[in-house]
Structures are given as C-alpha cells and as structure tokens.
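Pasted below: input-v2.txt, compact mmCIF, C-alpha atoms.
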```txt
# COMPACT_ATOMS: atom_id res chain seq x y z
CA MET E 1 26.74 -16.44 56.43
CA LYS E 2 24.91 -14.92 53.50
CA GLU E 3 21.42 -13.58 53.79
CA LYS E 4 18.59 -15.95 52.93
CA TYR E 5 15.75 -14.68 50.80
CA PHE E 6 12.18 -15.88 50.50
CA LYS E 7 9.40 -15.31 47.99
CA ILE E 8 6.49 -13.85 49.91
CA SER E 9 3.12 -12.71 48.59
CA LYS E 10 2.68 -8.98 48.16
CA GLU E 11 -0.27 -9.06 50.52
CA HIS E 12 1.86 -10.41 53.36
CA ALA E 13 4.88 -8.28 52.47
CA LEU E 14 2.74 -5.18 52.81
CA ARG E 15 2.30 -6.00 56.49
CA ALA E 16 6.01 -5.24 56.90
CA GLY E 17 5.58 -2.03 54.91
CA LEU E 18 7.26 -3.53 51.85
CA ASP E 19 5.99 -3.28 48.30
CA GLU E 20 7.36 -3.66 44.78
CA THR E 21 9.06 -0.27 44.94
CA LEU E 22 11.22 -1.53 47.79
CA ARG E 23 11.76 -5.21 47.01
CA THR E 24 12.37 -7.29 43.92
CA GLU E 25 9.27 -8.80 42.37
CA VAL E 26 9.47 -12.38 41.09
CA ASP E 27 6.46 -14.29 39.73
CA GLY E 28 4.07 -11.84 41.38
CA ASP E 29 5.71 -12.23 44.79
CA LEU E 30 8.31 -10.12 46.52
CA VAL E 31 11.73 -11.42 47.49
CA LEU E 32 12.24 -10.67 51.18
CA SER E 33 15.16 -11.21 53.53
CA GLU E 34 14.87 -13.04 56.85
CA LYS E 35 14.72 -9.73 58.69
CA ASP E 36 11.95 -8.55 56.36
CA VAL E 37 9.98 -11.72 57.02
CA ARG E 38 10.40 -11.26 60.76
CA ASN E 39 8.69 -7.90 60.46
CA ILE E 40 5.54 -9.46 59.02
CA SER E 41 2.92 -9.77 61.71
CA LEU E 42 0.65 -12.81 61.68
CA THR E 43 -2.85 -13.16 62.99
CA ILE E 44 -3.48 -15.73 65.68
CA GLU E 45 -5.34 -17.88 63.14
CA GLU E 46 -2.32 -17.83 60.82
CA LYS E 47 0.06 -18.73 63.65
CA VAL E 48 -2.11 -21.62 64.78
CA ALA E 49 -2.40 -22.91 61.20
CA ALA E 50 1.39 -22.71 60.74
CA LEU E 51 1.83 -24.70 63.95
CA GLY E 52 -0.68 -27.30 62.86
CA GLY E 53 -3.01 -26.46 65.72
CA VAL E 54 -6.77 -26.37 65.78
CA GLU E 55 -9.16 -24.46 67.95
CA TYR E 56 -10.20 -26.36 71.02
CA VAL E 57 -13.87 -26.11 71.82
CA GLU E 58 -14.98 -27.63 75.08
CA SER E 59 -17.85 -29.99 74.57
CA VAL E 60 -21.07 -29.01 76.27
CA ASN E 61 -23.29 -31.76 77.61
CA GLU E 62 -26.88 -30.91 76.89
CA GLU E 63 -29.50 -32.65 78.91
CA MET M 1 20.61 67.33 72.95
CA LYS M 2 19.01 65.18 70.33
CA LEU M 3 20.81 61.92 69.56
CA ASP M 4 20.50 59.68 66.44
CA SER M 5 16.96 59.12 65.42
CA ARG M 6 15.71 55.83 63.98
CA LYS M 7 12.73 55.34 61.76
CA ILE M 8 10.12 52.92 62.95
CA ALA M 9 9.42 50.44 60.16
CA ILE M 10 6.17 48.48 60.12
CA LEU M 11 6.31 45.01 58.61
CA GLU M 12 3.76 44.13 55.99
CA ASN M 13 1.14 41.77 57.21
CA GLU M 14 2.07 38.37 55.78
CA ASP M 15 -0.04 35.32 56.00
CA PRO M 16 2.23 33.18 58.23
CA ILE M 17 2.52 29.49 57.52
CA ASN M 18 3.81 26.66 59.60
CA VAL M 19 6.18 24.25 57.85
CA THR M 20 7.36 20.95 59.28
CA SER M 21 9.41 18.32 57.56
CA SER M 22 11.17 15.02 58.09
CA LEU M 23 13.26 12.62 56.09
CA ASN M 24 11.52 9.28 56.64
CA VAL M 25 13.22 5.94 56.10
CA THR M 26 11.26 2.80 55.19
CA GLY M 27 12.22 -0.69 54.10
CA GLY M 28 15.02 -1.22 56.58
CA PRO M 29 17.30 0.28 59.21
CA VAL M 30 19.75 3.15 58.71
CA VAL M 31 22.50 1.08 60.32
CA GLN M 32 24.06 -1.87 58.53
CA PHE M 33 26.51 -4.45 59.80
CA PHE M 34 29.50 -5.78 57.88
CA ASP M 35 31.18 -9.02 58.90
CA GLY M 36 34.09 -8.75 56.51
CA ALA M 37 32.25 -10.44 53.64
CA ASN M 38 28.58 -9.60 53.77
CA TYR M 39 26.34 -6.70 54.69
CA TYR M 40 23.29 -7.08 56.93
CA PRO M 41 20.91 -6.08 55.54
CA ASN M 42 22.33 -6.05 52.06
CA ARG M 43 21.08 -3.14 49.97
CA ALA M 44 22.96 -3.86 46.74
CA GLY M 45 22.30 -6.30 43.90
CA THR M 46 19.39 -8.64 43.41
CA PRO M 47 17.82 -9.80 45.60
CA SER M 48 18.50 -7.17 48.21
CA SER M 49 16.87 -5.03 50.85
CA PRO M 50 17.18 -1.38 49.73
CA ILE M 51 15.71 1.41 51.80
CA MET M 52 13.54 4.32 50.72
CA MET M 53 14.10 7.82 52.05
CA THR M 54 11.15 10.14 51.61
CA HIS M 55 11.22 13.86 52.30
CA ASN M 56 7.89 14.73 53.85
CA VAL M 57 7.07 18.43 54.02
CA ASN M 58 3.85 19.56 55.66
CA VAL M 59 2.59 23.10 55.19
CA ILE M 60 -0.17 24.46 57.39
CA SER M 61 -1.75 27.91 57.26
CA ALA M 62 -2.17 30.16 60.28
CA SER M 63 -5.73 28.96 60.57
CA GLY M 64 -4.53 25.35 60.75
CA ALA M 65 -5.65 24.31 57.29
CA PRO M 66 -3.21 22.18 55.31
CA ILE M 67 -1.80 23.80 52.21
CA VAL M 68 -1.06 21.59 49.25
CA VAL M 69 2.30 22.43 47.74
CA SER M 70 4.34 20.97 44.93
CA LEU M 71 7.79 19.91 46.11
CA SER M 72 10.98 20.07 44.16
CA THR M 73 13.39 17.78 45.98
CA LEU M 74 17.08 17.22 45.56
CA PHE M 75 19.18 14.66 47.43
CA TYR M 76 22.83 14.90 48.33
CA GLU M 77 25.32 12.31 49.51
CA ASN M 78 27.83 14.16 51.68
CA ASP M 79 26.93 17.41 49.85
CA VAL M 80 27.40 15.85 46.40
CA LEU M 81 24.23 16.01 44.35
CA ILE M 82 22.74 12.62 43.56
CA ASP M 83 21.60 12.56 39.94
CA SER M 84 19.72 9.98 37.92
CA ALA M 85 22.98 8.62 36.49
CA ASN M 86 24.08 7.49 39.94
CA MET M 87 23.39 3.74 39.97
CA ASP M 88 23.69 3.55 43.74
CA TYR M 89 20.43 5.42 44.06
CA GLU M 90 17.07 5.72 42.37
CA LEU M 91 15.21 9.04 42.40
CA ILE M 92 11.45 8.68 42.69
CA GLY M 93 9.80 12.12 43.12
CA ASN M 94 10.52 13.32 46.64
CA SER M 95 11.88 9.85 47.52
CA LEU M 96 15.31 8.32 47.17
CA LYS M 97 15.86 4.58 46.99
CA VAL M 98 19.25 3.67 48.45
CA LYS M 99 20.69 0.65 46.64
CA LYS M 100 24.22 0.81 48.00
CA ASN M 101 26.00 -0.60 51.00
CA VAL M 102 27.87 1.91 53.09
CA PRO M 103 31.44 0.61 53.53
CA GLY M 104 32.11 -1.01 56.91
CA GLY M 105 33.14 1.40 59.65
CA THR M 106 32.04 4.48 57.73
CA ALA M 107 28.99 6.72 57.51
CA ILE M 108 27.42 8.95 54.91
CA ASN M 109 24.98 11.80 55.25
CA ILE M 110 21.98 11.89 52.97
CA ARG M 111 20.55 15.38 52.79
CA ALA M 112 17.18 16.12 51.27
CA LYS M 113 16.48 19.68 50.10
CA SER M 114 12.91 20.45 49.13
CA GLN M 115 11.67 23.74 47.74
CA PHE M 116 8.11 24.82 47.23
CA ILE M 117 6.21 27.99 46.37
CA GLU M 118 3.56 28.99 48.83
CA PRO M 119 0.53 29.46 46.56
CA ASN M 120 -1.02 32.42 48.41
CA THR M 121 2.08 34.59 48.57
CA GLY M 122 4.15 33.12 45.75
CA LYS M 123 7.05 33.03 48.15
CA LEU M 124 9.73 30.37 47.78
CA TYR M 125 10.35 28.19 50.81
CA GLU M 126 13.05 25.62 51.38
CA ARG M 127 13.41 22.81 53.88
CA GLN M 128 16.40 20.57 54.48
CA ASP M 129 16.72 17.36 56.48
CA VAL M 130 19.63 15.01 56.99
CA VAL M 131 19.83 11.33 57.87
CA THR M 132 23.08 9.51 58.54
CA LEU M 133 23.56 6.02 57.16
CA ARG M 134 26.32 4.05 58.82
CA THR M 135 27.80 0.58 58.79
CA LEU M 136 29.24 -1.04 61.87
CA VAL M 137 31.88 -3.69 61.53
CA LYS M 138 30.47 -6.74 63.18
CA ALA M 139 32.85 -8.56 65.44
CA GLU M 140 33.38 -12.18 64.50
CA SER M 141 30.58 -14.33 65.81
CA PRO M 142 31.50 -16.17 68.98
CA TYR M 143 31.73 -19.93 69.07
CA GLN M 144 29.11 -21.76 71.07
CA MET M 145 29.54 -25.19 72.55
CA GLN M 146 26.77 -27.66 73.14
CA LEU M 147 27.49 -30.92 74.87
CA SER M 148 25.29 -33.81 73.74
CA GLN M 149 24.28 -34.07 77.39
CA ARG M 150 24.43 -30.77 79.21
CA GLY M 151 23.21 -28.94 82.27
CA VAL M 152 22.10 -31.29 85.01
CA VAL M 153 21.45 -34.87 83.88
CA TYR M 154 19.72 -37.11 86.40
CA PHE M 155 19.96 -40.88 86.13
CA ASP M 156 17.82 -43.40 87.99
CA ALA M 157 19.79 -44.86 90.89
CA TYR M 158 17.50 -47.89 91.14
CA ARG M 159 17.36 -49.13 87.56
CA ASN M 160 20.62 -50.17 85.93
CA PRO M 161 22.42 -46.97 86.84
CA ASN M 162 26.02 -48.12 86.40
CA THR M 163 26.38 -47.80 82.65
CA THR M 164 28.70 -45.87 80.40
CA THR M 165 27.57 -42.93 78.32
CA ALA M 166 29.30 -40.79 75.72
CA VAL M 167 29.31 -37.02 75.95
CA THR M 168 30.24 -35.25 72.73
CA ALA M 169 31.07 -31.59 72.29
CA ILE M 170 29.55 -29.80 69.32
CA LEU M 171 30.74 -26.35 68.34
CA LYS M 172 28.45 -23.89 66.58
CA LYS M 173 28.99 -20.55 64.98
CA ASP M 174 26.15 -18.35 63.80
CA GLY M 175 23.83 -21.15 64.82
CA ALA M 176 25.38 -23.68 62.42
CA ASP M 177 27.51 -26.68 63.34
CA LEU M 178 31.18 -26.18 62.68
CA PRO M 179 32.12 -28.08 59.49
CA ASN M 180 35.53 -29.14 60.78
CA TYR M 181 37.40 -29.04 64.03
CA SER M 182 40.97 -28.83 62.82
CA GLY M 183 43.11 -26.60 64.99
CA ILE M 184 40.72 -26.80 67.93
CA VAL M 185 41.83 -28.56 71.10
CA PHE M 186 39.23 -29.98 73.47
CA LYS M 187 39.90 -30.27 77.19
CA TRP M 188 37.73 -32.16 79.63
CA LEU M 189 38.07 -31.04 83.22
CA ASN M 190 36.67 -32.17 86.54
CA SER M 191 35.00 -29.82 89.03
CA VAL M 192 38.33 -28.46 90.24
CA GLY M 193 39.74 -27.88 86.77
CA LEU M 194 41.96 -30.94 86.45
CA ASP M 195 42.07 -33.25 83.45
CA ALA M 196 39.12 -35.62 83.84
CA VAL M 197 40.60 -38.86 82.49
CA GLU M 198 43.81 -38.49 84.47
CA ASN M 199 42.08 -37.65 87.73
CA GLU M 200 38.63 -39.20 87.80
CA LEU M 201 37.43 -42.78 87.87
CA TYR M 202 34.27 -41.85 85.98
CA ALA M 203 36.18 -40.47 82.97
CA ASP M 204 37.05 -43.54 80.92
CA ALA M 205 38.58 -42.24 77.72
CA TYR M 206 38.64 -39.55 75.09
CA SER M 207 37.82 -40.28 71.46
CA ASN M 208 36.70 -38.53 68.30
CA GLY M 209 39.64 -36.13 68.41
CA ASN M 210 39.05 -35.55 72.13
CA ARG M 211 35.56 -34.27 71.32
CA THR M 212 33.95 -37.22 73.06
CA LEU M 213 34.38 -38.30 76.65
CA THR M 214 33.14 -41.72 77.71
CA VAL M 215 31.71 -41.47 81.19
CA ASP M 216 31.23 -44.44 83.49
CA LYS M 217 28.34 -43.64 85.82
CA THR M 218 29.36 -46.47 88.13
CA TYR M 219 31.58 -43.94 89.85
CA ILE M 220 29.19 -41.01 89.88
CA ASP M 221 26.88 -39.80 92.57
CA HIS M 222 27.12 -36.12 91.70
CA GLU M 223 29.85 -34.99 89.34
CA LEU M 224 30.35 -31.86 87.28
CA MET M 225 32.50 -32.03 84.18
CA ARG M 226 33.47 -29.18 81.95
CA CYS M 227 34.57 -29.23 78.34
CA GLU M 228 36.63 -26.39 76.91
CA ALA M 229 37.55 -25.70 73.30
CA TRP M 230 40.84 -23.91 72.68
CA ILE M 231 42.46 -22.37 69.65
CA GLY M 232 46.07 -21.74 70.53
CA SER M 233 46.11 -19.94 73.87
CA GLU M 234 42.54 -18.71 73.60
CA MET M 235 39.57 -20.56 75.02
CA ILE M 236 36.79 -20.08 72.50
CA ALA M 237 33.89 -21.87 74.18
CA PHE M 238 32.93 -24.17 77.02
CA ASP M 239 29.97 -26.12 78.33
CA THR M 240 29.31 -28.22 81.41
CA VAL M 241 27.32 -31.26 82.35
CA THR M 242 26.56 -32.53 85.82
CA PHE M 243 25.49 -36.13 86.25
CA VAL M 244 23.42 -36.79 89.36
CA ARG M 245 22.41 -40.21 90.65
CA LYS M 246 18.78 -39.71 91.57
CA PHE M 247 17.31 -41.63 94.47
CA ASN M 248 13.55 -41.44 94.31
CA SER M 249 11.61 -41.75 97.53
CA PHE M 250 10.30 -45.29 97.85
CA LYS M 251 7.88 -47.48 99.76
CA VAL M 252 8.79 -50.86 101.26
CA ASP M 253 6.31 -53.67 101.85
CA ILE M 254 7.74 -56.34 104.21
CA ARG M 255 6.29 -59.81 103.91
CA ILE M 256 6.79 -62.63 106.40
CA PRO M 257 3.68 -64.79 105.91
CA GLU M 258 4.65 -67.23 108.65
CA LEU M 259 4.13 -64.61 111.35
CA PRO M 260 2.54 -64.89 113.81
CA LEU M 261 4.52 -68.09 114.23
CA GLN M 262 2.60 -71.30 114.55
CA ALA M 263 3.86 -74.59 115.94
CA GLY M 264 5.55 -76.77 113.35
CA VAL M 265 6.84 -73.92 111.15
CA ASN M 266 10.56 -74.37 110.55
CA ALA M 267 11.45 -71.40 108.38
CA LEU M 268 10.48 -67.79 107.86
CA ASN M 269 10.22 -66.75 104.21
CA CYS M 270 11.13 -63.08 104.41
CA SER M 271 10.80 -60.79 101.43
CA ILE M 272 10.33 -57.14 100.63
CA GLU M 273 8.73 -55.32 97.74
CA VAL M 274 10.10 -51.87 96.97
CA THR M 275 8.21 -49.40 94.79
CA ASP M 276 8.88 -45.81 93.78
CA VAL M 277 7.04 -43.38 91.51
CA LEU M 278 8.07 -45.41 88.46
CA GLY M 279 6.88 -48.75 89.81
CA ASN M 280 8.65 -51.83 91.18
CA VAL M 281 12.31 -51.67 92.02
CA ASP M 282 14.65 -54.67 91.92
CA ALA M 283 15.40 -54.49 95.62
CA ASN M 284 18.59 -56.58 95.52
CA ALA M 285 20.00 -54.52 92.65
CA ALA M 286 19.22 -51.17 94.19
CA PHE M 287 19.75 -51.93 97.88
CA LEU M 288 21.81 -53.99 100.22
CA VAL M 289 19.03 -55.89 102.01
CA THR M 290 19.93 -57.27 105.43
CA TRP M 291 17.55 -59.17 107.69
CA MET M 292 18.21 -58.48 111.33
CA VAL M 293 16.88 -59.79 114.57
CA THR M 294 16.84 -58.12 117.95
CA GLU M 295 17.01 -60.60 120.79
CA GLY M 296 16.95 -59.28 124.31
CA GLY M 297 17.93 -55.85 123.05
CA VAL M 298 20.87 -57.14 121.01
CA ASN M 299 20.89 -56.80 117.20
CA ARG M 300 22.16 -59.64 115.06
CA GLN M 301 22.28 -60.24 111.30
CA LEU M 302 20.26 -63.21 110.05
CA ALA M 303 20.48 -63.11 106.27
CA THR M 304 20.97 -60.85 103.27
CA GLY M 305 18.96 -60.36 100.10
CA THR M 306 15.35 -60.86 99.30
CA PRO M 307 13.70 -63.30 99.46
CA ALA M 308 15.49 -64.96 102.36
CA ALA M 309 14.52 -68.18 104.11
CA ILE M 310 15.48 -67.93 107.77
CA PRO M 311 15.40 -71.12 109.86
CA VAL M 312 13.31 -70.64 112.97
CA SER M 313 15.95 -72.63 114.82
CA SER M 314 18.41 -69.80 114.24
CA ILE M 315 16.32 -67.43 116.33
CA ASN M 316 16.22 -67.43 120.13
CA LEU M 317 12.45 -67.44 120.58
CA LYS M 318 12.81 -67.03 124.32
CA ALA M 319 14.57 -63.67 123.96
CA ASN M 320 11.48 -61.78 122.80
CA PRO M 321 12.85 -61.57 119.22
CA GLU M 322 11.90 -58.95 116.66
CA ILE M 323 12.75 -59.34 112.98
CA TRP M 324 13.44 -56.27 110.89
CA VAL M 325 15.04 -55.40 107.61
CA ASP M 326 17.90 -52.99 107.15
CA LEU M 327 18.13 -51.27 103.73
CA LYS M 328 21.15 -49.48 102.45
CA ARG M 329 20.97 -47.95 98.98
CA ARG M 330 23.72 -48.77 96.54
CA GLU M 331 25.66 -45.64 95.63
CA ALA M 332 28.65 -44.97 93.40
CA PHE M 333 31.78 -47.07 93.62
CA ALA M 334 34.70 -45.21 95.14
CA ALA M 335 38.46 -45.59 95.02
CA LEU M 336 40.17 -47.35 97.88
CA THR M 337 42.81 -45.26 99.58
CA THR M 338 45.30 -45.61 102.32
CA ASP M 339 44.93 -43.54 105.48
CA ASP M 340 45.91 -40.65 103.25
CA PRO M 341 42.80 -40.02 101.11
CA ASP M 342 44.99 -38.82 98.23
CA GLU M 343 46.92 -42.09 98.09
CA LEU M 344 45.04 -44.60 95.94
CA LEU M 345 45.37 -48.32 96.34
CA THR M 346 46.11 -50.17 93.11
CA ASP M 347 46.53 -53.75 92.01
CA ASP M 348 49.61 -55.22 90.39
CA ASP M 349 48.59 -53.74 87.04
CA ASP M 350 48.24 -50.27 88.55
CA ASN M 351 44.46 -50.38 88.30
CA VAL M 352 42.82 -48.38 91.06
CA LEU M 353 40.97 -50.61 93.51
CA THR M 354 37.37 -49.61 94.03
CA VAL M 355 34.62 -50.48 96.44
CA GLU M 356 30.87 -50.08 96.33
CA THR M 357 29.51 -47.49 98.71
CA PHE M 358 26.18 -47.51 100.48
CA GLY M 359 23.98 -44.84 101.91
CA LEU M 360 20.74 -44.19 103.78
```

Write out the structure in this file as structure tokens.
Amino acid sequence: MKEKYFKISKEHALRAGLDETLRTEVDGDLVLSEKDVRNISLTIEEKVAALGGVEYVESVNEE
Amino acid sequence: MKLDSRKIAILENEDPINVTSSLNVTGGPVVQFFDGANYYPNRAGTPSSPIMMTHNVNVISASGAPIVVSLSTLFYENDVLIDSANMDYELIGNSLKVKKNVPGGTAINIRAKSQFIEPNTGKLYERQDVVTLRTLVKAESPYQMQLSQRGVVYFDAYRNPNTTTAVTAILKKDGADLPNYSGIVFKWLNSVGLDAVENELYADAYSNGNRTLTVDKTYIDHELMRCEAWIGSEMIAFDTVTFVRKFNSFKVDIRIPELPLQAGVNALNCSIEVTDVLGNVDANAAFLVTWMVTEGGVNRQLATGTPAAIPVSSINLKANPEIWVDLKRREAFAALTTDDPDELLTDDDDNVLTVETFGL
C-alpha cells in the first residue's frame, strides 16, 4: 500500500514542525504524508468543527 | 642519592569554555520500514517525507554566557564526505536534508563534523556527532477476518426468532478488503471444531465460495461458530460468532372476567397478555400456554392457547377448583435421537427428525 499524501496549509503543517524546507510546496500548501498529518495537533474547536458538533449551552431560566 | 628530577610546568591560564552539541533530526523518524515495495515514510522523490539533520553546537563561557561562533560543518555517510553533487542529500548550512531511502535491512551512519574558532582565544574547536539511520524490513501484513455478524449476536426469542440468516466472511489486509479470494479456503466449524454443515442442524449450507454460511436460528439457543481462512496448510485468519436466543424477562396478566363465577355462566373465557421491555408478546408464538385446574389437590389440563373458552361443566365445582396457567417458553428445535444421544433419528429421506423444545 503506497503512502497517501495530502495538501495541507503551511500554517497547519507548522504544527507538526514541517515547513517548505522539509516538504514539497504545491499551490502555497505543503504536501504531507498520513503520518505527517497525524502529527498535527488540533484545537478542541477545530476537532468539534470537523465532527460537525456545536457547543452545548444549557439554557438558563430567568424569572 | 638524588634520583631523576622533573621540572614543574605551570599551564597558562586559558579561558575555559563549555561546548555541547547534538545532531538533531526533524521531519520524520530515523527508522524506516520497507515492505518489499515501498518505504514508510518515503524520503525519496516527490512527494516525499525527507528528514533534516541539524548539527547544533552550543558554546558557553566559564561565566555561563553564550558565545556566538560561526560553524563550518561537514557531513559524512559512513565516513564518505557528502558533497553538493550528491543528489541523495541537500546541504543547507549546518543542516543536511536526507532525500534517500536506506535499503531495507541495512543502516547508515550520518556523521556531522563542525569546526569553529573560539573568538577570544582564536583556538580551533571541533565537535562530531553521529546518528544512525536504519530501515527495518516489515513483515507481510497479517490477514484479518471480519464476519458480517461477529462476537455475540442476541436474537429476540419472543418475536419471530426462527429465521435464517447469512454470515459472510470478509478478509482484510492493511485495513482494505481483499480484492479476490482465489487460493483461500474457508472452513466453518462448530464449537468443538467439526465442520458445521456436516454436524449441526443450524448450519444450512455454504455458498459464495464457502465464504457464506446460511444459519437457521430455529435450531439455536446458544451456538458458537468459527470461520477459518486457509492458504495451503496455513491458517491465515479466523473469526467467531455466537448466536444467543435471548429471553427477556416478562410480565403476565391473566384475565378470566367471569370470575367470581355467577349462576348461569356456562364458559370461562381465559386469556393472558404477556409483555416484556419491548412491549406486547404474541403469547401463543412465544410460549406453550396451558390452562390447568387443580381439583381436590389434583392437577388436570383444561385447554391450551390463549384465548381459551373453558366450559364450566368441565370443571368439578365441588372439588374447590383453582384455575391457573402454565407457561413454557418455546426454545430451539432439537434433533430426535435414540437412547444413544449420538444416534439421530431420520425419516425415509434421511432427513433428521426434530422436535420443538420448551423451557422455564
């Protein structure tokens, strides 16, 4: 099974310590392998957005 | 007697420095895997995942202040100087980009040699660090089997339980379904390792190149079946499924509206309503319902099924009668045998004779 590659923005690639000196640049993005992508950390907001979730805020009844 | 004399030499007072260094690797691991065709990660070509090796040298004075030095760094692969003509590498200052895959099962040493002149003394210093890059030959990925129904599969004993179902074996490798199954033999075994179709009533037939077993749950209360995939004399994968007839706890509501009995009533209309966590249960389908009467301490069957109309004349009212219902849950059908449980009874066409079994 050959490696899969993905075009990822430089901003996100930098979170895995990867920049244009280390990875091929295409259309302003970097081409990263699956393992590279796994090393990119995501904020909780980004994870929730990727999962299609929304923040749950308990309604407060004001009298 | 005076022996050899030695002159006491006093060293000049040098400004001592503290030098530390390391060859840092970024962009990927130092170990690669090779599966016979591809490298993981792959460092060569485009796109690829090369690594960067940077020789970091830190110089600190005796007082603890960092000293800025200009490094002159050379890199060696197994003691052979790497020059700018070497397309497997890219020299970037005191860094080396590795754009080659190390052949499977081998290793190479990358040595970084950095020299610098300490500005206060003009003395030449040199630091060397080595990192080993290696490639492990990855064993062939194992096969994985997934039955379409696997683990423990419960089926409702009260609601149309006696149906057939197909169980299909799917083989995966590296997480992907196998494109073809030629050369692979599938075996379906019962809980004691015997061929399922030949030895079990529940195993109807194989199909789909023996990848699919049709299971008749009529004959199952609790049965484990195991599927094995073989290539030649080697079993490459297996999976199991256990079908379990599930009897939920239930509640019974007995209705005999004619009681207490009034003069002129000729029949008792007896019925029950059975409910479990899922709602109403078809009592006749799920249970053998038997209406009983106890007269003078003796039990006697009055009727079966629900509802049942029982003539009052059939009951000895002088014997202090009590009417009650006896429920037996319908379980799996079983093979009829002779006194020897291993000897099955068959009809003229060699079909095994079966009988419904009851529990509770």

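Taking CA of Thr163 in chain M as the reference point, CA of Ala286 in chain M is found at 14.0 Å.
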
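Taking CA of Gly232 in chain M as the reference point, CA of Gly36 in chain M is found at 22.6 Å.
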
Exercise for the section: Rank M:Ser271, M:Asn101, M:Ser141, M:Gln115 by their smallest atom-to-atom distance to chain E, using all atoms listed in the file, and report the top residue only. Expected result: M:Ser141

Using all atoms listed in the file, tabulate the residues of range 87-119 of chain M lying at most 9 Å from any atom of range 30-35 of chain M, each with its closest atom pair and that distance in Å to one decimal, by chain and increasing residue number, as a tab-separated table.
```
residue	atom	partner	partner_atom	distance
M:Asn101	CA	M:Gln32	CA	7.9
M:Val102	CA	M:Gln32	CA	7.6
M:Pro103	CA	M:Phe34	CA	8.0
M:Gly104	CA	M:Phe34	CA	5.5
M:Gly105	CA	M:Phe34	CA	8.2
```

Exercise for the section: For Ile110 in chain M, please output as a ChimeraX atom specification all residues within 12 Å (counting only C-alpha atoms; exclusion window: fewer than 5 positions along the same chain). Expected result: /M:23-25,30,52-55,74-82,89,95-98,102,128-134

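Near chain E, within 8 Å and using all atoms listed in the file, the residues of chain M are Thr26, Gly27, Gly28, Asn38, Tyr40, Pro41, Asn42, Thr46, Pro47, Ser48, Ser49, Pro50, Ile51, Met52, Lys97 and Asp174 of chain M.
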
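Of note, CA of Leu213 in chain M and CA of Thr337 in chain M are spaced 25.4 Å apart.
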
Put the listed atoms of range 18-33 of chain E in a box along x, y and z with 4 Å added on every side and give me the centre and edge lengths in Å to one decimal, as JSON.
```
{"center_x": 9.6, "center_y": -7.3, "center_z": 46.6, "size_x": 19.1, "size_y": 22.0, "size_z": 21.8}
```

Practice task
For Ser70 in chain M, list every protein, DNA or RNA residue within 7 Å, evaluated using all atoms listed in the file, and leave out those in the same chain fewer than 2 positions away; present the list as JSON, numbers by chain.
Solution key: {"M": [68, 72, 116]}

Exercise: Ala166 in chain M partners within 9 Å, only C-alpha atoms, chain neighbours under 4 positions left out, as a tab-separated table (two decimals) with C-alpha atoms, in the frame of the given file:
```tsv
chain	number	residue	atom	x	y	z
M	148	SER	CA	25.29	-33.81	73.74
M	149	GLN	CA	24.28	-34.07	77.39
M	212	THR	CA	33.95	-37.22	73.06
M	213	LEU	CA	34.38	-38.30	76.65
M	214	THR	CA	33.14	-41.72	77.71
M	215	VAL	CA	31.71	-41.47	81.19
M	216	ASP	CA	31.23	-44.44	83.49
```

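Distances from E:Lys7, E:Glu58, E:Ala50, E:Ala13 to Arg38 in chain E were compared using only C-alpha atoms, and the smallest one belongs to E:Ala13.
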